[in-house]
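Q: Here it is, the structure in full.
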Amino acid sequence: MQRKYLRTQHLGRLATVRPDGTPQNNPVGFRIDDQGRILIGGADLGRSRKFKNVGTNPAVAFVVDDLASTHPWRPRMVEIRGRAEQLEDIEPFGPGYSREQLRITPERIIAFGIDPD
């Protein structure tokens with residue numbers, strides 16, 4: 001159910017840990033691969049702080065959420081906690097994306113409101 005929901009979304013928020021231990025949270029474009037891992041892409045991703053943060057501390061949290069309805073109120077969300085790795089020289093998602101990606105391997109998944117029942 002989580003993969004199905006994630007495949008309908010295109011934007012999430014990635015939290016990484018800076019070298020001084022403080023969190024950093026950024027909106028990011030993403031895809032989900034056939035193994036259920038999250039692939040983060042972006043323009044010039046290899047020069048970004050989030051890419052560098054993963055190089056020093058691979059612990060991340062990734063959140064995707066939206067509102068299925070505002071009346072009645074129906075929020076939906078998936079939070080993925082896990083480890084990220086830096087990938088280089090990868091085929092970009094599309095025009096404007098660089099050849100670097102981050103790949104998140106989930107260790108814990110929390111979901112809410114995505115089950116149609």
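Labels used: A, B, ... for chains in the order of the structure tokens, numbers from 1 for residues in each chain, and numbers from 1 for ligands as shown.
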Could you pull the residues within 12 Å of A:Phe93, counting only C-alpha atoms, minus those fewer than 4 positions along the same chain, as a PyMOL selection string?
A: chain A and resi 10+29-33+39-43+97-101
Q: Output C-alpha atoms of each residue in that selection to a file, as a tab-separated table (two decimals), in the first residue's frame.
A:
chain	number	residue	atom	x	y	z
A	10	HIS	CA	6.46	13.51	-6.78
A	29	GLY	CA	11.98	15.21	-6.02
A	30	PHE	CA	11.99	11.43	-5.73
A	31	ARG	CA	11.17	8.10	-7.29
A	32	ILE	CA	10.72	4.66	-5.75
A	33	ASP	CA	12.63	1.71	-7.21
A	39	LEU	CA	15.78	7.64	-5.00
A	40	ILE	CA	16.31	11.37	-4.48
A	41	GLY	CA	17.32	13.51	-7.42
A	42	GLY	CA	17.76	17.18	-8.19
A	43	ALA	CA	19.63	19.84	-10.08
A	97	TYR	CA	18.49	16.61	-12.93
A	98	SER	CA	22.17	15.94	-12.27
A	99	ARG	CA	23.88	12.53	-12.45
A	100	GLU	CA	24.01	12.20	-8.66
A	101	GLN	CA	21.29	10.61	-6.55
Q: Find the residues near A:Asn26: any atom within 9 Å, counting only C-alpha atoms, skip ones fewer than 2 places away on the same chain, and give them as number ranges by chain.
A: A: 12-16, 24, 28, 50
Q: Please write the residues from the selection above to a file, keeping N, CA, C and O atoms, as a PDB file, in the first residue's frame.
A:
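File out-v8.pdb, as written:
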ATOM      1  N   GLY A  12       8.709  15.206  -1.825  1.00  0.00           N
ATOM      2  CA  GLY A  12       8.776  14.828  -0.415  1.00  0.00           C
ATOM      3  C   GLY A  12       9.735  15.748   0.305  1.00  0.00           C
ATOM      4  O   GLY A  12      10.271  16.698  -0.274  1.00  0.00           O
ATOM      5  N   ARG A  13       9.952  15.468   1.581  1.00  0.00           N
ATOM      6  CA  ARG A  13      10.905  16.245   2.384  1.00  0.00           C
ATOM      7  C   ARG A  13      11.927  15.288   2.974  1.00  0.00           C
ATOM      8  O   ARG A  13      11.564  14.282   3.594  1.00  0.00           O
ATOM      9  N   LEU A  14      13.187  15.629   2.767  1.00  0.00           N
ATOM     10  CA  LEU A  14      14.287  14.812   3.238  1.00  0.00           C
ATOM     11  C   LEU A  14      14.997  15.512   4.388  1.00  0.00           C
ATOM     12  O   LEU A  14      15.463  16.639   4.235  1.00  0.00           O
ATOM     13  N   ALA A  15      15.064  14.841   5.530  1.00  0.00           N
ATOM     14  CA  ALA A  15      15.807  15.358   6.685  1.00  0.00           C
ATOM     15  C   ALA A  15      17.134  14.615   6.771  1.00  0.00           C
ATOM     16  O   ALA A  15      17.170  13.381   6.765  1.00  0.00           O
ATOM     17  N   THR A  16      18.217  15.393   6.810  1.00  0.00           N
ATOM     18  CA  THR A  16      19.560  14.843   6.976  1.00  0.00           C
ATOM     19  C   THR A  16      20.177  15.483   8.214  1.00  0.00           C
ATOM     20  O   THR A  16      19.614  16.407   8.800  1.00  0.00           O
ATOM     21  N   GLN A  24      18.738  19.150   9.011  1.00  0.00           N
ATOM     22  CA  GLN A  24      18.435  19.966   7.835  1.00  0.00           C
ATOM     23  C   GLN A  24      17.315  19.252   7.096  1.00  0.00           C
ATOM     24  O   GLN A  24      17.351  18.039   6.903  1.00  0.00           O
ATOM     25  N   VAL A  28      12.319  17.710  -1.868  1.00  0.00           N
ATOM     26  CA  VAL A  28      13.097  17.018  -2.902  1.00  0.00           C
ATOM     27  C   VAL A  28      12.168  16.263  -3.846  1.00  0.00           C
ATOM     28  O   VAL A  28      11.088  15.825  -3.470  1.00  0.00           O
ATOM     29  N   LYS A  50      22.595  18.559   1.432  1.00  0.00           N
ATOM     30  CA  LYS A  50      21.996  17.272   1.793  1.00  0.00           C
ATOM     31  C   LYS A  50      22.842  16.109   1.287  1.00  0.00           C
ATOM     32  O   LYS A  50      23.010  15.111   1.985  1.00  0.00           O
TER      33      LYS A  50
END
Q: Kindly indicate which residue among A:Leu11, A:Val17, A:Ala111, A:Leu102 lies nearest to A:Ile90, using only C-alpha atoms for the distances.
A: A:Leu102
Q: Need to verify the contact set: A:Ile110, 9 Å, only C-alpha atoms, exclusion of same-chain residues closer than 4 positions in sequence. Can you return it as a VMD selection string?
A: chain A and resid 77 to 81
Q: Write down as an NGL selection string the residues of stretch 18-108 of chain A whose backbone DSSP state falls under alpha helix (DSSP H).
A: :A and (49-56)
Q: Can you pull out the residues contacting A:Asp115? Cut-off 12 Å, using only C-alpha atoms, and skip same-chain residues under 2 positions away; I want them as a ChimeraX atom specification.
A: /A:1-5,68,74-78,111-113,117
Q: Export, as a JSON list (two decimals), in the first residue's frame, the selected residues with N, CA, C and O atoms.
A:
[["chain", "number", "residue", "atom", "x", "y", "z"],
["A", 1, "MET", "N", 0.83, -1.19, 0.00],
["A", 1, "MET", "CA", 0.00, 0.00, 0.00],
["A", 1, "MET", "C", 0.88, 1.26, 0.00],
["A", 1, "MET", "O", 0.55, 2.22, -0.67],
["A", 2, "GLN", "N", 1.99, 1.26, 0.78],
["A", 2, "GLN", "CA", 2.85, 2.43, 0.83],
["A", 2, "GLN", "C", 3.50, 2.71, -0.52],
["A", 2, "GLN", "O", 3.55, 3.87, -0.95],
["A", 3, "ARG", "N", 3.96, 1.67, -1.19],
["A", 3, "ARG", "CA", 4.59, 1.87, -2.51],
["A", 3, "ARG", "C", 3.61, 2.46, -3.51],
["A", 3, "ARG", "O", 3.95, 3.34, -4.29],
["A", 4, "LYS", "N", 2.39, 1.94, -3.48],
["A", 4, "LYS", "CA", 1.36, 2.45, -4.40],
["A", 4, "LYS", "C", 1.13, 3.94, -4.17],
["A", 4, "LYS", "O", 1.08, 4.73, -5.12],
["A", 5, "TYR", "N", 1.00, 4.33, -2.91],
["A", 5, "TYR", "CA", 0.81, 5.74, -2.58],
["A", 5, "TYR", "C", 2.01, 6.57, -3.02],
["A", 5, "TYR", "O", 1.86, 7.61, -3.67],
["A", 68, "ALA", "N", -5.99, 13.97, 1.13],
["A", 68, "ALA", "CA", -6.91, 13.31, 0.20],
["A", 68, "ALA", "C", -8.19, 14.11, 0.10],
["A", 68, "ALA", "O", -8.85, 14.13, -0.94],
["A", 74, "ARG", "N", -8.91, 14.51, 5.64],
["A", 74, "ARG", "CA", -8.28, 13.20, 5.43],
["A", 74, "ARG", "C", -6.82, 13.35, 5.05],
["A", 74, "ARG", "O", -6.46, 13.30, 3.88],
["A", 75, "PRO", "N", -5.95, 13.56, 6.04],
["A", 75, "PRO", "CA", -4.52, 13.61, 5.72],
["A", 75, "PRO", "C", -3.98, 12.21, 5.43],
["A", 75, "PRO", "O", -4.49, 11.21, 5.95],
["A", 76, "ARG", "N", -2.94, 12.16, 4.60],
["A", 76, "ARG", "CA", -2.24, 10.90, 4.30],
["A", 76, "ARG", "C", -0.74, 11.17, 4.43],
["A", 76, "ARG", "O", -0.29, 12.27, 4.10],
["A", 77, "MET", "N", 0.00, 10.17, 4.89],
["A", 77, "MET", "CA", 1.44, 10.37, 4.99],
["A", 77, "MET", "C", 2.18, 9.04, 5.08],
["A", 77, "MET", "O", 1.64, 8.05, 5.52],
["A", 78, "VAL", "N", 3.43, 9.09, 4.61],
["A", 78, "VAL", "CA", 4.38, 8.00, 4.80],
["A", 78, "VAL", "C", 5.68, 8.64, 5.27],
["A", 78, "VAL", "O", 6.17, 9.60, 4.68],
["A", 111, "ALA", "N", 3.07, 4.82, 8.35],
["A", 111, "ALA", "CA", 2.09, 5.29, 7.38],
["A", 111, "ALA", "C", 0.78, 5.63, 8.08],
["A", 111, "ALA", "O", 0.44, 5.02, 9.10],
["A", 112, "PHE", "N", 0.06, 6.58, 7.49],
["A", 112, "PHE", "CA", -1.22, 7.00, 8.06],
["A", 112, "PHE", "C", -2.15, 7.43, 6.94],
["A", 112, "PHE", "O", -1.74, 8.19, 6.05],
["A", 113, "GLY", "N", -3.37, 6.93, 6.95],
["A", 113, "GLY", "CA", -4.40, 7.41, 6.04],
["A", 113, "GLY", "C", -4.29, 6.97, 4.59],
["A", 113, "GLY", "O", -5.05, 7.45, 3.76],
["A", 117, "ASP", "N", -9.56, 1.76, 3.26],
["A", 117, "ASP", "CA", -10.57, 1.39, 4.26],
["A", 117, "ASP", "C", -10.43, 2.26, 5.48],
["A", 117, "ASP", "O", -11.17, 2.29, 6.36]]
Q: My list of candidates is A:Asp66, A:Gly21, A:His71, A:Gln86. Which is closest to A:Ile114 when distances are computed with only C-alpha atoms?
A: A:Asp66
Q: Can you check which residues of chain A DSSP gives as strand (DSSP E or B) on the backbone and send them as a VMD selection string?
A: chain A and resid 11 to 17 23 to 32 38 to 41 59 to 70 73 to 87 101 to 112
Q: Could the residues in this selection be saved with C-alpha atoms as a CSV table (one decimal), in the first residue's frame?
A:
chain,number,residue,atom,x,y,z
A,11,LEU,CA,7.6,15.7,-3.9
A,12,GLY,CA,8.8,14.8,-0.4
A,13,ARG,CA,10.9,16.2,2.4
A,14,LEU,CA,14.3,14.8,3.2
A,15,ALA,CA,15.8,15.4,6.7
A,16,THR,CA,19.6,14.8,7.0
A,17,VAL,CA,22.0,15.5,9.8
A,23,PRO,CA,19.0,18.7,11.3
A,24,GLN,CA,18.4,20.0,7.8
A,25,ASN,CA,15.1,19.4,6.0
A,26,ASN,CA,14.6,20.0,2.3
A,27,PRO,CA,11.9,19.5,-0.3
A,28,VAL,CA,13.1,17.0,-2.9
A,29,GLY,CA,12.0,15.2,-6.0
A,30,PHE,CA,12.0,11.4,-5.7
A,31,ARG,CA,11.2,8.1,-7.3
A,32,ILE,CA,10.7,4.7,-5.7
A,38,ILE,CA,13.7,5.9,-2.3
A,39,LEU,CA,15.8,7.6,-5.0
A,40,ILE,CA,16.3,11.4,-4.5
A,41,GLY,CA,17.3,13.5,-7.4
A,59,ALA,CA,20.9,8.5,8.9
A,60,VAL,CA,17.8,10.2,7.2
A,61,ALA,CA,14.1,10.6,7.5
A,62,PHE,CA,11.9,11.1,4.4
A,63,VAL,CA,8.3,12.2,4.5
A,64,VAL,CA,5.6,12.4,1.8
A,65,ASP,CA,2.2,13.7,2.8
A,66,ASP,CA,-0.9,15.3,1.3
A,67,LEU,CA,-4.6,15.8,1.9
A,68,ALA,CA,-6.9,13.3,0.2
A,69,SER,CA,-9.8,15.6,1.2
A,70,THR,CA,-10.3,18.7,3.3
A,73,TRP,CA,-10.4,16.1,6.8
A,74,ARG,CA,-8.3,13.2,5.4
A,75,PRO,CA,-4.5,13.6,5.7
A,76,ARG,CA,-2.2,10.9,4.3
A,77,MET,CA,1.4,10.4,5.0
A,78,VAL,CA,4.4,8.0,4.8
A,79,GLU,CA,7.5,8.5,6.9
A,80,ILE,CA,10.6,6.5,6.0
A,81,ARG,CA,13.5,6.3,8.4
A,82,GLY,CA,16.6,4.7,7.2
A,83,ARG,CA,20.1,5.0,5.7
A,84,ALA,CA,21.0,6.9,2.6
A,85,GLU,CA,23.9,6.4,0.2
A,86,GLN,CA,25.4,8.7,-2.3
A,87,LEU,CA,25.3,7.5,-5.9
A,101,GLN,CA,21.3,10.6,-6.6
A,102,LEU,CA,20.7,9.6,-3.0
A,103,ARG,CA,19.3,6.1,-2.4
A,104,ILE,CA,17.4,5.5,0.9
A,105,THR,CA,17.1,2.0,2.2
A,106,PRO,CA,14.1,1.9,4.6
A,107,GLU,CA,14.6,0.6,8.2
A,108,ARG,CA,11.3,1.8,9.6
A,109,ILE,CA,8.1,2.9,7.8
A,110,ILE,CA,5.3,4.8,9.4
A,111,ALA,CA,2.1,5.3,7.4
A,112,PHE,CA,-1.2,7.0,8.1
Q: When you draw a straight line from atom CA of A:Thr22 to atom CA of A:Glu88, how long is it in Å?
A: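 It comes out at 25.4 Å.
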Q: At what distance in Å, to one decimal, does atom CA of A:Asp89 lie from atom CA of A:Asn57?
A: 21.1 Å
Q: Report the distance between atom CA of A:Pro72 and atom CA of A:Gln9 in Å, rounded to one decimal place.
A: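 Separating atom CA of A:Pro72 from atom CA of A:Gln9 is a distance of 21.0 Å.
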